[in-house]
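Have a look at my_file.cif below; it lists mmCIF, C-alpha atoms and all ligand atoms.
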```cif
data_upload
loop_
_atom_site.label_atom_id
_atom_site.label_comp_id
_atom_site.auth_asym_id
_atom_site.auth_seq_id
_atom_site.Cartn_x
_atom_site.Cartn_y
_atom_site.Cartn_z
CA MET A 21 17.09 -56.25 7.83
CA ILE A 22 17.79 -52.86 6.19
CA VAL A 23 15.19 -50.12 6.76
CA ARG A 24 14.47 -48.73 3.29
CA PRO A 25 13.12 -45.13 3.18
CA ARG A 26 14.03 -45.15 -0.51
CA ARG A 27 10.85 -47.18 -1.25
CA LEU A 28 8.95 -43.92 -0.78
CA ARG A 29 11.20 -42.12 -3.27
CA ARG A 30 11.01 -44.74 -6.03
CA THR A 31 8.62 -43.02 -8.45
CA SER A 32 7.44 -39.52 -9.03
CA ALA A 33 3.83 -40.48 -8.18
CA ILE A 34 4.89 -41.98 -4.85
CA ARG A 35 6.99 -38.93 -4.04
CA ASP A 36 4.02 -36.71 -4.82
CA MET A 37 1.88 -38.73 -2.40
CA VAL A 38 4.24 -38.49 0.54
CA ARG A 39 5.35 -34.89 0.10
CA GLU A 40 4.98 -33.15 3.46
CA THR A 41 5.02 -29.51 2.38
CA THR A 42 3.47 -27.91 -0.67
CA LEU A 43 3.65 -24.45 -2.18
CA SER A 44 0.62 -22.72 -3.57
CA VAL A 45 0.16 -19.40 -5.34
CA LYS A 46 -2.21 -18.62 -2.48
CA ASP A 47 0.83 -18.43 -0.20
CA PHE A 48 2.28 -15.46 -2.03
CA ILE A 49 2.11 -11.75 -1.30
CA THR A 50 3.91 -9.70 -3.97
CA PRO A 51 5.79 -6.55 -2.91
CA LEU A 52 5.38 -3.72 -5.43
CA PHE A 53 6.95 -0.26 -5.61
CA VAL A 54 4.93 2.73 -6.76
CA LYS A 55 6.13 6.18 -7.82
CA HIS A 56 4.74 9.27 -9.50
CA GLY A 57 4.38 9.62 -13.26
CA LYS A 58 2.50 7.94 -16.06
CA GLY A 59 3.35 4.81 -17.97
CA VAL A 60 6.39 4.27 -15.74
CA LYS A 61 7.97 0.83 -15.41
CA ASP A 62 11.57 1.48 -14.34
CA PRO A 63 13.75 -1.58 -13.85
CA ILE A 64 15.49 -1.91 -10.46
CA SER A 65 19.07 -2.74 -11.37
CA SER A 66 19.92 -4.75 -8.26
CA MET A 67 16.69 -6.77 -8.55
CA PRO A 68 16.42 -8.07 -12.13
CA GLY A 69 12.78 -8.54 -13.13
CA GLN A 70 11.50 -6.03 -10.54
CA TYR A 71 10.27 -2.52 -11.32
CA GLN A 72 9.13 0.79 -9.95
CA PHE A 73 5.65 1.38 -11.31
CA SER A 74 3.40 4.41 -11.67
CA VAL A 75 -0.23 4.12 -10.61
CA ASP A 76 -1.47 3.16 -14.08
CA THR A 77 1.16 0.47 -14.67
CA ILE A 78 0.89 -0.95 -11.14
CA VAL A 79 -2.79 -1.64 -11.76
CA LYS A 80 -1.82 -3.61 -14.86
CA GLU A 81 0.84 -5.53 -12.92
CA ALA A 82 -1.61 -6.30 -10.09
CA GLY A 83 -4.05 -7.58 -12.73
CA GLU A 84 -1.43 -9.97 -14.08
CA LEU A 85 -0.63 -11.23 -10.59
CA TRP A 86 -4.32 -11.72 -9.85
CA SER A 87 -4.82 -13.64 -13.09
CA LEU A 88 -2.00 -15.98 -12.03
CA GLY A 89 -3.93 -16.69 -8.83
CA ILE A 90 -1.79 -14.59 -6.51
CA PRO A 91 -4.21 -13.17 -3.94
CA ALA A 92 -2.29 -10.24 -2.49
CA VAL A 93 0.13 -7.38 -3.04
CA ILE A 94 1.92 -5.16 -0.55
CA LEU A 95 2.71 -1.62 -1.66
CA PHE A 96 5.76 0.53 -0.98
CA GLY A 97 5.70 4.19 -2.01
CA LEU A 98 8.27 6.56 -3.46
CA PRO A 99 6.98 10.06 -2.70
CA ASP A 100 7.57 13.17 -4.82
CA GLU A 101 9.13 14.95 -1.86
CA LYS A 102 10.56 14.10 1.53
CA ASP A 103 10.74 16.04 4.78
CA ASP A 104 11.88 15.44 8.35
CA THR A 105 8.58 13.91 9.54
CA GLY A 106 7.66 12.03 6.37
CA SER A 107 4.41 13.95 5.98
CA ARG A 108 3.75 12.73 2.42
CA SER A 109 3.19 9.30 3.92
CA TRP A 110 -0.23 10.24 5.33
CA ALA A 111 -1.36 12.58 2.53
CA ASP A 112 -4.74 11.55 1.14
CA ASP A 113 -3.39 12.14 -2.36
CA GLY A 114 -0.10 10.36 -1.54
CA ILE A 115 1.34 7.87 -3.97
CA VAL A 116 0.42 4.72 -2.02
CA GLN A 117 -3.07 6.02 -1.28
CA ARG A 118 -3.65 6.61 -5.01
CA ALA A 119 -2.28 3.21 -5.95
CA VAL A 120 -4.45 1.45 -3.36
CA ALA A 121 -7.57 3.18 -4.63
CA ALA A 122 -6.73 2.41 -8.27
CA ILE A 123 -5.99 -1.28 -7.64
CA LYS A 124 -9.11 -1.76 -5.52
CA GLU A 125 -11.22 -0.09 -8.18
CA SER A 126 -9.91 -2.36 -10.89
CA LEU A 127 -9.58 -5.54 -8.76
CA PRO A 128 -11.95 -5.24 -5.80
CA GLU A 129 -11.32 -8.83 -4.68
CA MET A 130 -7.56 -8.58 -4.55
CA VAL A 131 -6.09 -8.23 -1.06
CA VAL A 132 -4.22 -4.95 -0.98
CA MET A 133 -1.76 -4.50 1.85
CA THR A 134 0.38 -1.46 2.53
CA ASP A 135 3.72 -1.13 4.20
CA VAL A 136 3.47 1.42 7.00
CA CYS A 137 6.74 3.15 7.81
CA LEU A 138 8.35 6.56 7.53
CA CYS A 139 11.75 5.72 6.03
CA GLU A 140 10.69 6.11 2.39
CA TYR A 141 9.23 9.54 3.22
CA THR A 142 11.77 11.14 5.57
CA ASP A 143 14.72 13.13 4.25
CA HIS A 144 16.98 11.43 6.83
CA GLY A 145 15.79 7.95 5.82
CA HIS A 146 15.02 6.70 9.33
CA CYS A 147 11.82 4.86 10.20
CA GLY A 148 10.69 7.41 12.76
CA VAL A 149 10.99 11.07 13.77
CA ILE A 150 14.35 12.25 15.02
CA ILE A 151 14.40 14.10 18.32
CA ASN A 152 17.76 15.03 19.85
CA GLY A 153 19.57 12.88 17.32
CA VAL A 154 17.67 9.64 18.00
CA VAL A 155 14.56 8.03 16.54
CA ASP A 156 11.89 8.94 19.07
CA ASN A 157 9.58 6.00 19.68
CA ASP A 158 6.48 7.62 21.12
CA ALA A 159 6.43 10.66 18.84
CA THR A 160 6.57 8.27 15.87
CA LEU A 161 3.52 6.26 16.91
CA GLU A 162 1.04 8.99 16.14
CA LEU A 163 2.49 9.51 12.66
CA LEU A 164 2.36 5.80 11.89
CA ALA A 165 -1.26 5.67 13.00
CA ARG A 166 -2.04 8.62 10.75
CA GLN A 167 -0.35 6.93 7.80
CA ALA A 168 -2.13 3.61 8.43
CA LEU A 169 -5.47 5.37 8.65
CA SER A 170 -4.95 7.17 5.34
CA HIS A 171 -4.08 3.86 3.62
CA VAL A 172 -7.24 2.30 5.01
CA ARG A 173 -9.37 5.25 3.92
CA ALA A 174 -7.99 4.69 0.42
CA GLY A 175 -9.19 1.08 0.59
CA ALA A 176 -6.33 -1.03 2.00
CA ASP A 177 -7.38 -4.43 3.38
CA PHE A 178 -4.38 -4.80 5.68
CA VAL A 179 -1.80 -2.38 6.97
CA ALA A 180 1.66 -3.71 7.70
CA PRO A 181 3.80 -1.65 10.09
CA SER A 182 7.50 -2.31 9.49
CA ASP A 183 9.10 0.40 11.61
CA MET A 184 9.81 -1.66 14.78
CA MET A 185 8.69 1.08 17.18
CA ASP A 186 7.40 -0.30 20.49
CA GLY A 187 3.64 -0.12 20.86
CA ARG A 188 2.83 0.65 17.23
CA VAL A 189 0.41 -2.22 16.68
CA ALA A 190 -1.74 -1.06 19.58
CA ALA A 191 -1.52 2.57 18.43
CA ILE A 192 -2.63 1.65 14.91
CA ARG A 193 -5.37 -0.69 16.16
CA THR A 194 -6.79 2.06 18.36
CA ALA A 195 -6.71 4.62 15.55
CA LEU A 196 -8.45 2.26 13.10
CA ASP A 197 -11.11 1.26 15.62
CA GLN A 198 -11.85 4.87 16.52
CA GLU A 199 -12.56 5.66 12.89
CA GLY A 200 -14.82 2.65 12.41
CA TYR A 201 -12.29 0.43 10.64
CA GLN A 202 -12.52 -2.41 13.13
CA ASP A 203 -12.66 -4.98 10.30
CA ILE A 204 -9.38 -3.95 8.67
CA GLY A 205 -6.43 -6.12 9.67
CA ILE A 206 -2.86 -5.57 10.79
CA LEU A 207 -0.02 -7.69 9.48
CA SER A 208 2.78 -6.74 11.80
CA TYR A 209 6.46 -7.01 10.97
CA ALA A 210 6.80 -8.40 14.49
CA VAL A 211 10.28 -9.83 14.11
CA LYS A 212 12.46 -7.68 11.92
CA TYR A 213 16.21 -7.94 12.05
CA ALA A 214 18.75 -5.21 11.25
CA SER A 215 19.87 -7.11 8.15
CA ALA A 216 22.33 -6.47 5.35
CA PHE A 217 20.00 -8.53 3.14
CA TYR A 218 17.84 -5.40 2.68
CA GLY A 219 20.50 -3.72 0.51
CA PRO A 220 18.80 -3.89 -2.91
CA PHE A 221 15.45 -2.80 -1.41
CA ARG A 222 16.99 0.45 -0.27
CA ASP A 223 17.86 1.20 -3.89
CA ALA A 224 14.39 0.21 -4.97
CA ALA A 225 12.60 2.31 -2.36
CA ASP A 226 15.25 5.01 -2.01
CA SER A 227 15.14 4.59 1.76
CA ALA A 228 18.71 4.23 3.00
CA PRO A 229 19.36 6.06 6.29
CA GLN A 230 21.43 9.22 5.69
CA PHE A 231 23.25 8.86 9.03
CA GLY A 232 23.77 5.97 11.43
CA ASP A 233 21.95 2.68 10.96
CA ARG A 234 18.80 0.93 12.20
CA THR A 235 20.29 -1.16 14.98
CA GLY A 236 18.59 1.09 17.56
CA TYR A 237 15.17 -0.24 16.56
CA GLN A 238 15.61 -3.34 14.38
CA MET A 239 16.73 -6.58 16.01
CA ASP A 240 20.19 -8.02 16.48
CA PRO A 241 20.65 -11.00 14.10
CA ALA A 242 22.11 -12.96 17.02
CA ASN A 243 18.88 -12.97 19.03
CA LEU A 244 16.16 -15.61 19.10
CA LEU A 245 14.45 -15.21 22.50
CA GLU A 246 13.91 -11.56 21.69
CA ALA A 247 12.06 -12.66 18.55
CA LEU A 248 9.64 -14.67 20.65
CA LYS A 249 9.10 -11.69 22.92
CA GLU A 250 8.47 -9.34 19.96
CA ALA A 251 6.00 -11.84 18.46
CA GLU A 252 4.17 -12.17 21.77
CA LEU A 253 3.93 -8.40 22.25
CA ASP A 254 2.45 -7.85 18.80
CA MET A 255 -0.07 -10.63 19.33
CA GLU A 256 -1.11 -9.03 22.62
CA GLU A 257 -1.38 -5.63 20.96
CA GLY A 258 -3.86 -6.98 18.43
CA ALA A 259 -1.96 -8.02 15.31
CA ASP A 260 -4.00 -10.29 13.02
CA MET A 261 -0.96 -11.83 11.33
CA ILE A 262 2.70 -11.55 12.19
CA MET A 263 5.85 -11.65 10.11
CA VAL A 264 9.48 -12.65 10.36
CA LYS A 265 11.93 -10.70 8.16
CA PRO A 266 14.25 -11.71 6.46
CA ALA A 267 13.30 -15.34 5.74
CA MET A 268 16.12 -17.55 4.53
CA PRO A 269 18.83 -16.68 7.09
CA TYR A 270 16.17 -16.88 9.86
CA LEU A 271 14.41 -20.21 9.22
CA ASP A 272 15.05 -21.23 12.83
CA VAL A 273 13.31 -18.07 13.98
CA ILE A 274 10.32 -18.79 11.72
CA SER A 275 10.11 -22.27 13.16
CA ARG A 276 10.24 -21.11 16.79
CA VAL A 277 7.77 -18.27 16.24
CA ARG A 278 5.44 -20.77 14.57
CA GLU A 279 5.39 -22.78 17.81
CA VAL A 280 4.28 -19.85 19.95
CA SER A 281 1.86 -18.16 17.51
CA LEU A 282 -1.78 -18.99 16.93
CA LEU A 283 -1.91 -16.40 14.14
CA PRO A 284 -1.08 -16.83 10.46
CA LEU A 285 2.66 -16.41 10.10
CA ALA A 286 4.25 -14.61 7.17
CA ALA A 287 7.91 -14.49 6.21
CA TYR A 288 9.56 -11.89 4.00
CA ASN A 289 11.89 -13.37 1.41
CA VAL A 290 13.79 -10.09 1.08
CA SER A 291 15.56 -8.25 -1.74
CA GLY A 292 19.03 -9.59 -0.90
CA GLU A 293 17.79 -13.18 -0.94
CA TYR A 294 16.27 -12.48 -4.35
CA ALA A 295 19.30 -10.65 -5.72
CA MET A 296 21.73 -13.41 -4.71
CA VAL A 297 19.77 -16.04 -6.60
CA LYS A 298 19.40 -13.80 -9.65
CA ALA A 299 23.09 -12.85 -9.72
CA ALA A 300 24.36 -16.41 -9.34
CA ALA A 301 21.87 -17.70 -11.92
CA GLU A 302 22.89 -14.99 -14.38
CA ARG A 303 26.47 -16.24 -14.15
CA GLY A 304 25.32 -19.80 -14.66
CA TRP A 305 26.56 -20.79 -11.20
CA ILE A 306 23.21 -22.13 -10.01
CA ASP A 307 19.91 -23.18 -11.55
CA GLY A 308 17.94 -20.09 -10.55
CA GLU A 309 14.51 -21.64 -11.02
CA ARG A 310 15.25 -24.67 -8.86
CA VAL A 311 16.98 -22.63 -6.17
CA MET A 312 13.97 -20.29 -6.08
CA MET A 313 11.55 -23.19 -5.56
CA GLU A 314 13.79 -24.81 -2.95
CA MET A 315 14.10 -21.52 -1.09
CA LEU A 316 10.35 -20.95 -1.08
CA ILE A 317 9.52 -24.49 0.05
CA SER A 318 12.10 -24.23 2.85
CA ILE A 319 10.38 -21.09 4.16
CA LYS A 320 7.06 -22.93 4.09
CA ARG A 321 8.57 -26.02 5.74
CA ALA A 322 10.04 -23.87 8.50
CA GLY A 323 6.48 -22.87 9.39
CA ALA A 324 5.47 -19.81 7.37
CA ASP A 325 1.92 -19.78 6.03
CA LEU A 326 2.47 -16.80 3.75
CA ILE A 327 5.55 -15.59 1.90
CA LEU A 328 6.20 -12.04 0.80
CA THR A 329 8.44 -12.60 -2.19
CA TYR A 330 9.71 -10.90 -5.33
CA PHE A 331 9.65 -14.37 -6.88
CA ALA A 332 5.84 -14.55 -6.63
CA LYS A 333 5.09 -14.11 -10.31
CA GLU A 334 7.87 -16.40 -11.51
CA ALA A 335 7.07 -19.06 -8.93
CA ALA A 336 3.35 -18.87 -9.77
CA ARG A 337 4.19 -19.61 -13.39
CA GLY A 338 6.44 -22.47 -12.28
CA LEU A 339 3.67 -23.95 -10.17
CA MET A 340 1.26 -23.80 -13.12
CA ILE A 341 3.69 -25.81 -15.26
CA ASP A 342 4.12 -28.40 -12.49
CA ASP A 343 0.37 -29.05 -12.23
ZN ZN B 401 11.30 1.87 7.63
#
```

What does the file become when written as structure tokens?
Ligand SMILES: [Zn+2]
Amino acid sequence: MIVRPRRLRRTSAIRDMVRETTLSVKDFITPLFVKHGKGVKDPISSMPGQYQFSVDTIVKEAGELWSLGIPAVILFGLPDEKDDTGSRSWADDGIVQRAVAAIKESLPEMVVMTDVCLCEYTDHGHCGVIINGVVDNDATLELLARQALSHVRAGADFVAPSDMMDGRVAAIRTALDQEGYQDIGILSYAVKYASAFYGPFRDAADSAPQFGDRTGYQMDPANLLEALKEAELDMEEGADMIMVKPAMPYLDVISRVREVSLLPLAAYNVSGEYAMVKAAAERGWIDGERVMMEMLISIKRAGADLILTYFAKEAARGLMIDD
């Protein structure tokens, strides 16, 4: 007798019934870039369909995302000036702080997350302060905590530290608790690799390091056990959700972290993953829409509960058509 798994693939209705993984708009967190100015919506050339917004236009964009059912955004800021400590990152009138306040005012229910890091705000482009030519871990912690606190004062629901300094989740948790923000959460970039897939983002956020690279604090792409250790440390330090970044080249990591984590797990489908699909689709080499959906479902299947993705809006529209 032949065993016939094909019986379960015979019709579309049967396939729908036995599908093991589903995508929902509720899985998506949309990354958005905010800069100074008015009425700004500047296209990012290496990420077709993505823009740098000003505060007024980002509110409009967030409104569109919300109306599509997407529950959350994560904000990245492009400051008006940079210095060696990234001091514009914790200014109460900083660009992210203003965007958070404006989005929350217009869409109080939307979950507004903020990326917490120094690289977009430092003139050297590193994620921490430089002391004696290296990124100093412990001196950076205080600045990250200050930045996180200012985002939360502006109304952020979650802060998301992406710097990969040791001990930063605990430092931020302590700072928030001391100021009475014990109910505001931390989504930690627990497992973040030193990846070439971030290339287009560095154009978008103007955050490329001016000397050296980030291998002294971000993880070696060859390591998996280290990912489990990083995830465990951030859970112990008080993270409410953890993240693996990038997503597609690290599906095995997502799957292993899923096994050891009792927290919601997010994965960041990064700029390079997005740009590759867009570029190949533009040339007619792949069906961009189908590849997008396949990529997103694979991230979910690997074990992610939430996906930070530039495809959020497009995928949300696709999901509406499917229903
Ligand atoms: Zn950074």

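Between CA of Met263 (chain A) and CA of Ile327 (chain A) the interatomic distance comes to 9.1 Å.
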
message: Can you tell me which residues surround region 143-152 of chain A at a distance of at most 6 Å, considering only C-alpha atoms, apart from same-chain residues fewer than 5 positions away, and format the answer as an MDAnalysis selection string?
response: chainID A and resid 102:105 137:138 160 183 227:230

field: Atom pair CA of Gly219 (chain A) / CA of Asn289 (chain A): separation (Å)
entry: 13.0 Å

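Computed from the coordinates, the CA of Ile319 (chain A) to CA of Ala287 (chain A) distance equals 7.3 Å.
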
- line: Min atom-atom distance to Arg321 (chain A) from the set A:Leu207, A:Thr42, A:Ile34, A:Gly200, counting all atoms listed in the file, belongs to A:Thr42

message: If we count all atoms listed in the file and set the cut-off at 10 Å, which residues sit around region 275-278 of chain A, ignoring sequence neighbours fewer than 6 positions away in its own chain? Please answer as an MDAnalysis selection string.
response: chainID A and resid 211 244:245 247:252 262:264 284:286 319:325

Which of A:Asn157, A:Gln70, A:Ser182, A:Thr41 sits closest to ligand ZN 401 (chain B) [using all atoms listed in the file]: A:Ser182

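For the residues A:Leu163, A:Met261, A:Met184, A:Val93, ranking by smallest atom-to-atom distance to ligand ZN 401 (chain B) using all atoms listed in the file places A:Met184 first.
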
query: Closest to ligand ZN 401 (chain B) among A:Thr329, A:Ser170, A:Thr142, A:Ser208, using all atoms listed in the file?
result: A:Thr142

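Residue nearest Phe53 (chain A) within the list A:Ser65, A:Ser32, A:Thr194, A:Gln72: A:Gln72 [criterion: smallest interatomic distance, all atoms listed in the file].
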
Give me the residues of region 141-237 of chain A that have any atom at most 7 Å from an atom of region 121-132 of chain A; for each, the nearest atom pair and the distance in Å, rounded to one decimal. Use only C-alpha atoms, sort by chain and number, and format it as CSV.
```
residue,atom,partner,partner_atom,distance
A:Ala174,CA,A:Ala121,CA,5.3
A:Gly175,CA,A:Ala121,CA,5.9
A:Ala176,CA,A:Val132,CA,5.4
A:Asp177,CA,A:Val132,CA,5.4
A:Phe178,CA,A:Val132,CA,6.7
```

task: Name the residues in contact with Ile306 (chain A) at a cut-off of 12 Å, using all atoms listed in the file, excluding same-chain residues fewer than 6 positions from it; report them as a list in words.
output: Met296, Val297, Lys298, Ala299, Ala300 and Met312 of chain A

- request: Using all atoms listed in the file, pick whichever of A:Met67, A:Leu95, A:Ile78, A:Ile22 has the shortest atom-to-atom distance to Ala295 (chain A).
  value: A:Met67

task: Would you list the contacts of Arg337 (chain A) as a ChimeraX atom specification, taking every protein, DNA or RNA residue within 8 Å and counting only C-alpha atoms, but skipping same-chain residues closer than 4 positions in sequence?
output: /A:88,333,341

Any chance you could work out the axis-aligned box around region 165-172 of chain A, listed atoms only, 8 Å on each side, giving centre and edge lengths in Å to one decimal, as lines of an AutoDock Vina configuration file?
```
center_x = -3.8
center_y = 5.5
center_z = 8.3
size_x = 22.9
size_y = 22.3
size_z = 25.4
```

field: Leu85 (chain A) environment, 9 Å, all atoms listed in the file, sequence neighbours closer than 6 positions dropped, as a list in words
entry: Thr50, Pro91, Ala92, Val93, Ala332, Lys333 and Ala336 of chain A

message: Taking (3.9, -24.4, -8.0) in the coordinates of the supplied file, I want to know which residues reach to within 10 Å of it, counting all atoms listed in the file; could you give the answer as a ChimeraX atom specification?
response: /A:42-45,313,317,334-343
